[in-house]
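Q: Data file target34.cif (mmCIF, C-alpha atoms and all ligand atoms) is appended below.
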data_query
#
loop_
_atom_site.label_atom_id
_atom_site.label_comp_id
_atom_site.auth_asym_id
_atom_site.auth_seq_id
_atom_site.Cartn_x
_atom_site.Cartn_y
_atom_site.Cartn_z
CA MET E 793 51.32 -83.39 -115.57
CA ALA E 794 54.28 -85.74 -115.66
CA SER E 795 55.70 -84.04 -118.72
CA LYS E 796 55.38 -80.62 -117.13
CA LYS E 797 57.23 -81.79 -114.07
CA ALA E 798 59.93 -83.33 -116.18
CA LEU E 799 60.31 -80.13 -118.12
CA VAL E 800 60.91 -78.07 -115.03
CA ALA E 801 63.17 -80.66 -113.47
CA SER E 802 65.30 -80.91 -116.59
CA SER E 803 66.14 -77.24 -116.41
CA LEU E 804 67.62 -77.72 -112.95
CA SER E 805 70.83 -79.27 -111.85
CA LEU E 806 70.42 -82.75 -110.47
CA CYS E 807 71.53 -81.78 -106.96
CA THR E 808 68.68 -79.28 -106.54
CA ALA E 809 66.07 -81.82 -107.47
CA SER E 810 67.52 -84.30 -105.03
CA TRP E 811 67.44 -81.70 -102.26
CA LEU E 812 63.75 -81.12 -102.69
CA VAL E 813 62.61 -84.70 -102.92
CA SER E 814 65.17 -86.17 -100.55
CA GLY E 815 65.37 -86.87 -96.85
CA GLN E 816 67.68 -85.16 -94.39
CA GLY E 817 70.93 -86.87 -95.29
CA GLN E 818 70.87 -85.58 -98.79
CA ALA E 819 69.84 -82.11 -97.72
CA VAL E 820 73.25 -81.73 -96.11
CA HIS E 821 74.82 -82.88 -99.33
CA ALA E 822 72.81 -80.29 -101.27
CA ALA E 823 73.81 -77.53 -98.86
CA ASP E 824 77.45 -78.43 -99.48
CA ASP E 825 76.89 -78.05 -103.18
CA ILE E 826 75.42 -74.59 -102.74
CA ARG E 827 78.43 -73.43 -100.77
CA GLY E 828 80.55 -74.27 -103.77
CA MET E 829 78.58 -72.06 -106.14
CA ASN E 830 79.14 -68.42 -106.92
CA PRO E 831 76.45 -65.96 -105.68
CA SER E 832 74.67 -65.47 -109.01
CA GLU E 833 74.26 -69.21 -109.44
CA TRP E 834 72.95 -69.37 -105.90
CA GLU E 835 70.25 -66.81 -106.76
CA ASP E 836 69.23 -68.81 -109.85
CA GLU E 837 69.09 -71.88 -107.73
CA ARG E 838 66.68 -70.24 -105.28
CA VAL E 839 64.29 -69.21 -108.04
CA ALA E 840 64.47 -72.66 -109.56
CA GLN E 841 63.73 -74.21 -106.18
CA ALA E 842 60.67 -72.04 -105.74
CA VAL E 843 59.31 -73.10 -109.11
CA LEU E 844 60.07 -76.76 -108.50
CA TYR E 845 58.54 -76.62 -105.06
CA GLN E 846 55.26 -75.42 -106.55
CA TYR E 847 55.23 -78.49 -108.78
CA LEU E 848 56.21 -81.02 -106.18
CA SER E 849 54.25 -79.81 -103.18
CA PRO E 850 51.05 -81.72 -102.32
CA ILE E 851 48.87 -78.65 -102.79
CA SER E 852 50.26 -78.14 -106.22
CA SER E 853 49.65 -81.71 -107.29
CA VAL E 854 46.06 -81.57 -106.10
CA ALA E 855 45.52 -78.33 -107.96
CA GLU E 856 47.03 -79.79 -111.10
CA GLY E 857 44.93 -81.17 -113.93
CA ASN E 858 41.24 -81.83 -113.40
CA LEU E 859 41.23 -80.77 -109.78
CA ALA E 860 41.65 -77.11 -110.52
CA THR E 861 40.77 -75.94 -107.03
CA LYS E 862 40.69 -77.28 -103.51
CA LYS E 863 38.78 -75.81 -100.59
CA GLU E 864 39.73 -76.21 -96.95
CA SER E 865 36.84 -77.06 -94.69
CA ASN E 866 37.94 -75.13 -91.62
CA PRO E 867 37.29 -71.41 -91.36
CA LEU E 868 40.19 -68.99 -91.16
CA THR E 869 40.87 -67.69 -87.68
CA TYR E 870 42.05 -64.42 -86.22
CA LYS E 871 43.60 -63.80 -82.80
CA VAL E 872 42.34 -60.56 -81.25
CA LYS E 873 45.03 -58.00 -80.50
CA ARG E 874 44.90 -54.97 -78.23
CA GLY E 875 42.90 -52.15 -79.80
CA ASP E 876 41.08 -54.41 -82.25
CA THR E 877 37.39 -53.88 -82.96
CA LEU E 878 35.03 -56.24 -84.74
CA TYR E 879 34.52 -53.55 -87.34
CA GLY E 880 38.25 -53.14 -87.91
CA ILE E 881 38.86 -56.90 -88.18
CA GLY E 882 35.88 -57.22 -90.51
CA LYS E 883 37.28 -54.49 -92.72
CA VAL E 884 40.65 -56.22 -93.12
CA TYR E 885 38.99 -59.50 -94.11
CA GLY E 886 36.15 -57.97 -96.12
CA VAL E 887 33.51 -59.36 -93.76
CA ASP E 888 30.61 -57.38 -92.29
CA TYR E 889 31.24 -57.01 -88.55
CA ARG E 890 27.66 -58.13 -87.81
CA LYS E 891 28.42 -61.38 -89.62
CA LEU E 892 31.59 -61.74 -87.57
CA ALA E 893 29.59 -61.24 -84.39
CA ALA E 894 26.91 -63.73 -85.42
CA PHE E 895 29.45 -66.31 -86.61
CA ASN E 896 31.22 -66.17 -83.25
CA ARG E 897 28.01 -65.77 -81.21
CA ILE E 898 29.32 -62.52 -79.78
CA LYS E 899 26.51 -60.70 -78.05
CA ASN E 900 28.57 -57.98 -76.51
CA PRO E 901 31.23 -56.33 -78.70
CA ARG E 902 32.62 -54.65 -75.57
CA LEU E 903 33.84 -58.03 -74.40
CA LEU E 904 36.09 -58.63 -77.38
CA GLN E 905 38.94 -60.11 -75.38
CA VAL E 906 42.57 -59.74 -76.36
CA GLY E 907 43.89 -63.18 -77.30
CA LYS E 908 40.47 -64.56 -78.21
CA VAL E 909 40.56 -66.55 -81.43
CA LEU E 910 37.75 -65.48 -83.76
CA LYS E 911 36.48 -67.72 -86.51
CA LEU E 912 36.20 -65.83 -89.77
CA PRO E 913 33.38 -66.78 -92.14
CA LEU E 914 36.00 -67.47 -94.81
CA LYS E 915 37.69 -70.61 -96.05
CA ARG E 916 40.93 -70.94 -97.95
CA LYS E 917 40.48 -71.99 -101.54
CA TRP E 918 43.53 -72.91 -103.60
CA VAL E 919 43.71 -71.68 -107.17
CA ARG E 920 46.40 -71.62 -109.83
CA VAL E 921 47.38 -68.25 -111.28
CA LYS E 922 46.60 -68.15 -114.99
CA GLU E 923 48.50 -66.39 -117.73
CA GLY E 924 48.06 -62.63 -117.50
CA GLU E 925 46.56 -62.61 -114.02
CA THR E 926 47.87 -60.11 -111.51
CA LEU E 927 47.28 -59.50 -107.81
CA GLU E 928 44.87 -56.77 -108.82
CA SER E 929 42.85 -58.93 -111.21
CA LEU E 930 42.83 -61.85 -108.76
CA ALA E 931 41.48 -59.59 -106.03
CA LYS E 932 38.70 -58.55 -108.39
CA THR E 933 37.92 -62.10 -109.53
CA TYR E 934 37.66 -63.43 -105.99
CA LYS E 935 35.93 -60.33 -104.57
CA THR E 936 38.69 -59.62 -102.08
CA SER E 937 41.55 -57.19 -101.56
CA GLU E 938 45.20 -57.40 -102.58
CA LYS E 939 45.98 -56.87 -98.91
CA LEU E 940 44.10 -60.00 -97.87
CA LEU E 941 45.62 -62.05 -100.71
CA LYS E 942 49.05 -61.08 -99.40
CA LYS E 943 47.98 -61.94 -95.86
CA LEU E 944 46.88 -65.41 -96.97
CA ASN E 945 50.02 -65.93 -99.06
CA PRO E 946 53.20 -64.83 -97.29
CA GLY E 947 55.19 -65.80 -100.40
CA VAL E 948 53.14 -63.41 -102.51
CA ALA E 949 53.54 -60.67 -99.91
CA ALA E 950 57.33 -61.11 -99.95
CA ALA E 951 57.53 -61.12 -103.75
CA GLY E 952 54.93 -58.36 -104.16
CA SER E 953 53.43 -60.18 -107.14
CA VAL E 954 52.21 -63.51 -108.47
CA TYR E 955 53.50 -65.59 -111.36
CA THR E 956 51.73 -67.78 -113.90
CA GLY E 957 51.30 -71.31 -112.59
CA GLN E 958 51.63 -70.31 -108.93
CA VAL E 959 49.17 -71.90 -106.53
CA ILE E 960 47.76 -69.35 -104.12
CA ALA E 961 45.08 -69.27 -101.43
CA VAL E 962 42.06 -67.05 -102.00
CA PRO E 963 39.24 -66.43 -99.49
CA SER E 964 35.94 -68.19 -100.09
CA PRO E 965 32.98 -66.98 -98.01
CA ILE E 966 31.10 -69.22 -95.59
CA LYS E 967 27.39 -68.50 -95.26
CA VAL E 968 26.46 -67.02 -91.88
CA LYS E 969 23.01 -67.30 -90.33
CA MET E 970 22.12 -63.90 -89.01
CA PRO E 971 20.00 -63.60 -85.87
CA LYS E 972 16.64 -61.96 -86.48
CA MET E 973 15.95 -58.49 -85.19
CA GLY E 974 13.22 -58.28 -82.57
CA ARG E 975 10.67 -56.42 -84.66
CA GLU E 976 10.06 -59.23 -87.09
CA ASN E 977 7.86 -62.20 -86.31
CA GLY E 978 4.79 -60.59 -84.94
CA SER E 979 2.93 -60.29 -81.72
CA LYS E 980 3.98 -63.39 -79.84
CA ARG E 981 7.46 -61.99 -79.41
CA LYS E 982 6.12 -58.62 -78.40
CA VAL E 983 4.21 -60.20 -75.54
CA LEU E 984 7.34 -62.03 -74.42
CA ARG E 985 9.34 -58.81 -74.60
CA HIS E 986 6.92 -56.95 -72.41
CA ALA E 987 6.92 -59.78 -69.93
CA SER E 988 10.70 -59.73 -69.66
CA ALA E 989 10.77 -55.95 -69.44
CA ALA E 990 8.56 -56.24 -66.44
CA ALA E 991 10.84 -58.88 -65.03
CA GLY E 992 13.84 -56.52 -65.04
CA ALA E 993 14.64 -55.46 -68.58
CA SER E 994 16.61 -58.60 -69.27
CA SER E 995 15.88 -58.33 -72.97
CA PHE E 996 17.55 -54.98 -73.72
CA SER E 997 19.83 -55.08 -76.75
CA TRP E 998 22.73 -52.85 -77.75
CA PRO E 999 21.60 -49.74 -79.66
CA VAL E 1000 24.72 -49.96 -81.83
CA TRP E 1001 27.91 -52.02 -82.01
CA GLY E 1002 31.10 -50.32 -80.94
CA GLN E 1003 33.56 -49.45 -78.27
CA ILE E 1004 32.59 -47.75 -75.05
CA THR E 1005 34.51 -44.51 -75.02
CA SER E 1006 33.02 -43.20 -71.77
CA ARG E 1007 31.39 -45.11 -68.96
CA TYR E 1008 28.50 -44.29 -66.68
CA GLY E 1009 29.37 -42.43 -63.50
CA TRP E 1010 31.31 -39.45 -62.24
CA ARG E 1011 33.59 -37.84 -64.80
CA ASN E 1012 35.58 -34.65 -64.23
CA GLY E 1013 33.38 -33.71 -61.30
CA ARG E 1014 30.16 -34.24 -63.27
CA MET E 1015 27.81 -37.15 -63.36
CA HIS E 1016 27.72 -38.94 -66.73
CA ASN E 1017 24.24 -40.39 -66.87
CA GLY E 1018 24.89 -42.82 -69.70
CA ILE E 1019 27.54 -44.51 -71.75
CA ASP E 1020 29.20 -43.27 -74.93
CA ILE E 1021 29.55 -45.72 -77.78
CA TRP E 1022 31.60 -45.18 -80.91
CA ASN E 1023 32.82 -47.09 -83.91
CA GLU E 1024 34.62 -46.28 -87.17
CA LYS E 1025 31.42 -46.23 -89.21
CA ARG E 1026 30.62 -42.93 -87.47
CA THR E 1027 27.59 -41.22 -88.99
CA SER E 1028 26.69 -44.25 -91.11
CA ASN E 1029 25.92 -46.11 -87.87
CA VAL E 1030 22.23 -46.85 -87.53
CA ILE E 1031 21.04 -46.38 -83.94
CA ARG E 1032 18.44 -48.95 -82.88
CA ALA E 1033 15.85 -49.11 -80.12
CA ALA E 1034 17.24 -51.18 -77.24
CA LEU E 1035 13.73 -52.45 -76.51
CA GLY E 1036 10.30 -52.01 -78.04
CA GLY E 1037 8.26 -49.01 -76.90
CA ARG E 1038 6.81 -45.63 -77.77
CA VAL E 1039 8.86 -42.60 -78.86
CA ILE E 1040 8.15 -39.84 -76.36
CA LYS E 1041 10.70 -37.36 -77.70
CA ALA E 1042 12.27 -36.97 -81.14
CA GLY E 1043 13.99 -33.63 -81.62
CA TYR E 1044 16.69 -31.21 -80.53
CA SER E 1045 17.36 -30.80 -76.82
CA ASN E 1046 20.24 -28.50 -75.79
CA GLY E 1047 23.23 -30.55 -74.61
CA TYR E 1048 21.77 -33.80 -75.93
CA GLY E 1049 21.58 -32.46 -79.48
CA ASN E 1050 19.23 -34.53 -81.64
CA LEU E 1051 17.62 -36.79 -79.08
CA VAL E 1052 15.25 -39.73 -79.21
CA VAL E 1053 13.62 -40.93 -75.99
CA VAL E 1054 11.72 -44.22 -75.94
CA ASP E 1055 9.32 -45.28 -73.19
CA HIS E 1056 9.27 -49.07 -72.81
CA GLY E 1057 6.64 -49.23 -70.08
CA ASN E 1058 7.08 -50.52 -66.53
CA GLY E 1059 9.16 -47.46 -65.69
CA TRP E 1060 11.89 -48.12 -68.28
CA VAL E 1061 12.96 -45.27 -70.61
CA THR E 1062 16.00 -45.02 -72.92
CA TYR E 1063 17.77 -41.94 -74.35
CA TYR E 1064 19.71 -41.81 -77.63
CA ALA E 1065 21.63 -38.54 -77.95
CA HIS E 1066 23.86 -36.52 -80.34
CA LEU E 1067 22.22 -38.16 -83.39
CA SER E 1068 23.13 -36.70 -86.77
CA ARG E 1069 19.66 -37.51 -88.07
CA ILE E 1070 16.41 -38.74 -86.48
CA THR E 1071 14.23 -41.14 -88.49
CA VAL E 1072 11.28 -41.56 -86.09
CA SER E 1073 8.71 -39.13 -84.75
CA LYS E 1074 7.09 -38.50 -81.41
CA GLY E 1075 4.26 -40.91 -80.60
CA GLN E 1076 5.55 -43.62 -82.93
CA VAL E 1077 5.62 -47.19 -81.64
CA VAL E 1078 8.97 -48.87 -82.33
CA GLY E 1079 10.06 -52.47 -82.03
CA LYS E 1080 13.25 -53.68 -80.45
CA GLY E 1081 16.07 -53.20 -82.96
CA GLN E 1082 14.14 -50.72 -85.06
CA SER E 1083 16.22 -47.83 -86.37
CA LEU E 1084 15.77 -44.47 -84.68
CA GLY E 1085 18.37 -42.42 -86.55
CA TYR E 1086 22.11 -42.14 -87.12
CA MET E 1087 25.11 -41.61 -84.86
CA GLY E 1088 26.27 -38.01 -84.81
CA GLN E 1089 27.86 -35.10 -82.97
CA THR E 1090 24.97 -32.70 -82.35
CA GLY E 1091 24.61 -30.83 -79.05
CA ASN E 1092 27.39 -30.89 -76.48
CA ALA E 1093 29.59 -33.60 -78.00
CA THR E 1094 33.33 -33.50 -78.66
CA GLY E 1095 33.20 -36.15 -81.40
CA VAL E 1096 30.80 -38.45 -83.24
CA HIS E 1097 29.33 -40.98 -80.80
CA LEU E 1098 26.10 -42.23 -79.30
CA HIS E 1099 25.29 -41.12 -75.77
CA PHE E 1100 22.94 -43.78 -74.43
CA GLU E 1101 20.99 -43.55 -71.17
CA VAL E 1102 18.69 -46.00 -69.44
CA HIS E 1103 16.23 -44.66 -66.87
CA ARG E 1104 14.23 -46.67 -64.35
CA ASN E 1105 11.32 -44.88 -62.68
CA GLY E 1106 12.73 -41.49 -63.66
CA ARG E 1107 16.28 -42.15 -62.52
CA PRO E 1108 19.31 -42.99 -64.67
CA VAL E 1109 20.83 -46.42 -64.13
CA ASN E 1110 24.05 -47.84 -65.53
CA PRO E 1111 23.16 -49.10 -69.03
CA LEU E 1112 25.77 -51.84 -68.67
CA SER E 1113 23.71 -53.31 -65.85
CA VAL E 1114 20.84 -54.06 -68.25
CA LEU E 1115 22.60 -54.65 -71.57
CA PRO E 1116 23.43 -58.26 -72.45
ZN ZN F 1201 27.86 -39.21 -73.03
#
I'd like the structure from this file rewritten - as structure tokens, please.
A:
Amino acid sequence: MASKKALVASSLSLCTASWLVSGQGQAVHAADDIRGMNPSEWEDERVAQAVLYQYLSPISSVAEGNLATKKESNPLTYKVKRGDTLYGIGKVYGVDYRKLAAFNRIKNPRLLQVGKVLKLPLKRKWVRVKEGETLESLAKTYKTSEKLLKKLNPGVAAAGSVYTGQVIAVPSPIKVKMPKMGRENGSKRKVLRHASAAAGASSFSWPVWGQITSRYGWRNGRMHNGIDIWNEKRTSNVIRAALGGRVIKAGYSNGYGNLVVVDHGNGWVTYYAHLSRITVSKGQVVGKGQSLGYMGQTGNATGVHLHFEVHRNGRPVNPLSVLP
């Protein structure tokens, strides 16, 4: 390592080396030297500095030699901006949005607050770029995207490429414990579910993650009996039973399009409309979280979304009043 450092340092003028390893007093001195140079020398100097910096920085020295890589222990974070969705953020970082939700204990994707700092199930790992490696090959090796590599390495983003010997950060996944869906784990849970349904449907879950594109209530002079939920996955969205129960309708129904209706007992019934495909049949008993079909645009729908209704004793209620 020492010989490598010496090699790089020897190719530089003495004043540059002193700038990088010195305190403030000498930095002024170095700046004076730069002013005296012609522009092409100044450009060379900048490149040389970048190379030297890689060798002298603490990260670089840790990565040198036997310690080829170093992992940070803290997860990466992301500050939520206006218009962000869990799905969108997950896509940028190559993380499943359900993992993001579980990792941050987010129960309600609707309440993704602007300014909230999300923990990403990713750590920074430092690696040295080997001979012949490119952004593209690094992205492949570390199962990530060039876009994210640039995001993690502003220097790489600015240069548009990597160079041999450069130390860069790559994402390393953190294992996320996923919450279990209601259907698993047998009858004990089922009993509990029925008890809470009787107590006021406190155990309803979201039929699908996404943004609410239309709320319950009066809309253009007409009553909207449910909520509309949408996300970018569109027709690949699996729609899930909000609570266990029996399917009392599974088929086409005029304005609703492909519709599934589930009776949960105690007067509670849920509607899942505009589905592109239905995967249950009438009379079937479904557990909470069990798939019913896929998001779609059938019936009277202007775009792909789920229209979700909750009825209590034959009357629609605001789904947001029972969803967690
Ligand atoms: Zn609707």
Q: Fewer than 2 positions away in the same chain doesn't count, so skip those; otherwise give me all residues within 9 Å of Tyr885 of chain E, counting all atoms listed in the file, as a PDB file with C-alpha atoms, in the coordinates of the input.
A:
ATOM      1  CA  GLY E 880      38.250 -53.140 -87.910  1.00  0.00           C
ATOM      2  CA  ILE E 881      38.860 -56.900 -88.180  1.00  0.00           C
ATOM      3  CA  GLY E 882      35.880 -57.220 -90.510  1.00  0.00           C
ATOM      4  CA  LYS E 883      37.280 -54.490 -92.720  1.00  0.00           C
ATOM      5  CA  VAL E 887      33.510 -59.360 -93.760  1.00  0.00           C
ATOM      6  CA  ASP E 888      30.610 -57.380 -92.290  1.00  0.00           C
ATOM      7  CA  LEU E 912      36.200 -65.830 -89.770  1.00  0.00           C
ATOM      8  CA  LEU E 914      36.000 -67.470 -94.810  1.00  0.00           C
ATOM      9  CA  THR E 936      38.690 -59.620-102.080  1.00  0.00           C
ATOM     10  CA  SER E 937      41.550 -57.190-101.560  1.00  0.00           C
ATOM     11  CA  LYS E 939      45.980 -56.870 -98.910  1.00  0.00           C
ATOM     12  CA  LEU E 940      44.100 -60.000 -97.870  1.00  0.00           C
ATOM     13  CA  PRO E 963      39.240 -66.430 -99.490  1.00  0.00           C
TER      14      PRO E 963
END
Q: With only C-alpha atoms and all ligand atoms counted, collect every polymer residue having an atom within 7 Å of ligand ZN 1201 (chain F); state the result as a list in words.
A: Ser1006, His1016, Gly1018, Ile1019, Asp1020, His1099 and Phe1100 of chain E
Q: What is the atom CA of Leu1098 of chain E-atom CA of Arg1026 of chain E distance in Å, reported with one decimal?
A: 9.4 Å
Q: Could you tell me how far atom CA of Val1039 of chain E sits from atom CA of His1056 of chain E, in Å to one decimal place?
A: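 Taking atom CA of His1056 of chain E and atom CA of Val1039 of chain E, their separation equals 8.9 Å.
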Q: Please provide the set of residues having any atom within 7 Å of Val1000 of chain E, restricted to only C-alpha atoms, with same-chain residues fewer than 6 positions apart removed, written as a list in words.
A: Val1030, Ile1031 and Arg1032 of chain E
Q: So which one's closest to Gly947 of chain E, E:Ala961, E:Val1102, E:Arg1038, E:Lys1080? Using only C-alpha atoms, please.
A: E:Ala961
Q: Taking (7.8, -40.4, -84.9) as a centre in this file's frame and 10 Å as the limit, can you find every polymer residue with an atom that close, using all atoms listed in the file, and give them as a list in words?
A: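 Looking at atoms near the point gives Arg1038, Val1039, Ile1040, Lys1041, Ala1042, Gly1043, Val1052, Ile1070, Thr1071, Val1072, Ser1073, Lys1074, Gly1075, Gln1076, Val1077, Val1078 and Leu1084 of chain E.
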Q: In Å, with one decimal, what is the gap from atom CA of Val1061 of chain E to atom CA of Ile898 of chain E?
A: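 Rounded to one decimal, the two atoms are 25.5 Å apart.
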Q: Which residues, protein or nucleic acid, reach to within 7 Å of (35.8, -63.8, -87.1) in the file's coordinates when using only C-alpha atoms, and can you give that as a list in words?
A: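 Residues close enough to count: Thr869, Tyr870, Leu892, Phe895, Asn896, Leu910, Lys911, Leu912 and Pro913 of chain E.
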Q: Which one is closest to Ser995 of chain E: E:Gly1088, E:Gly1036, E:Pro867, E:Pro1108? Count all atoms listed in the file.
A: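 Checking each of E:Gly1088, E:Gly1036, E:Pro867, E:Pro1108 against Ser995 of chain E, counting all atoms listed in the file, the winner is E:Gly1036.
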Q: Could you pull the residues within 12 Å of Lys942 of chain E, counting all atoms listed in the file, minus those fewer than 3 positions along the same chain, as a PyMOL selection string?
A: chain E and resi 884-885+927-928+930-931+936-939+945-954+960-963
Q: Need the shell around Leu904 of chain E: protein/DNA/RNA residues with any atom at most 9 Å away, counting all atoms listed in the file. Skip same-chain ones fewer than 3 positions apart. Format as a PyMOL selection string?
A: chain E and resi 872+876-878+898+900-901+908
Q: Given all atoms listed in the file as the basis, pick out the residue of E:Gln905, E:Thr1094, E:Gln958, E:Ser865 nearest to Arg920 of chain E.
A: E:Gln958
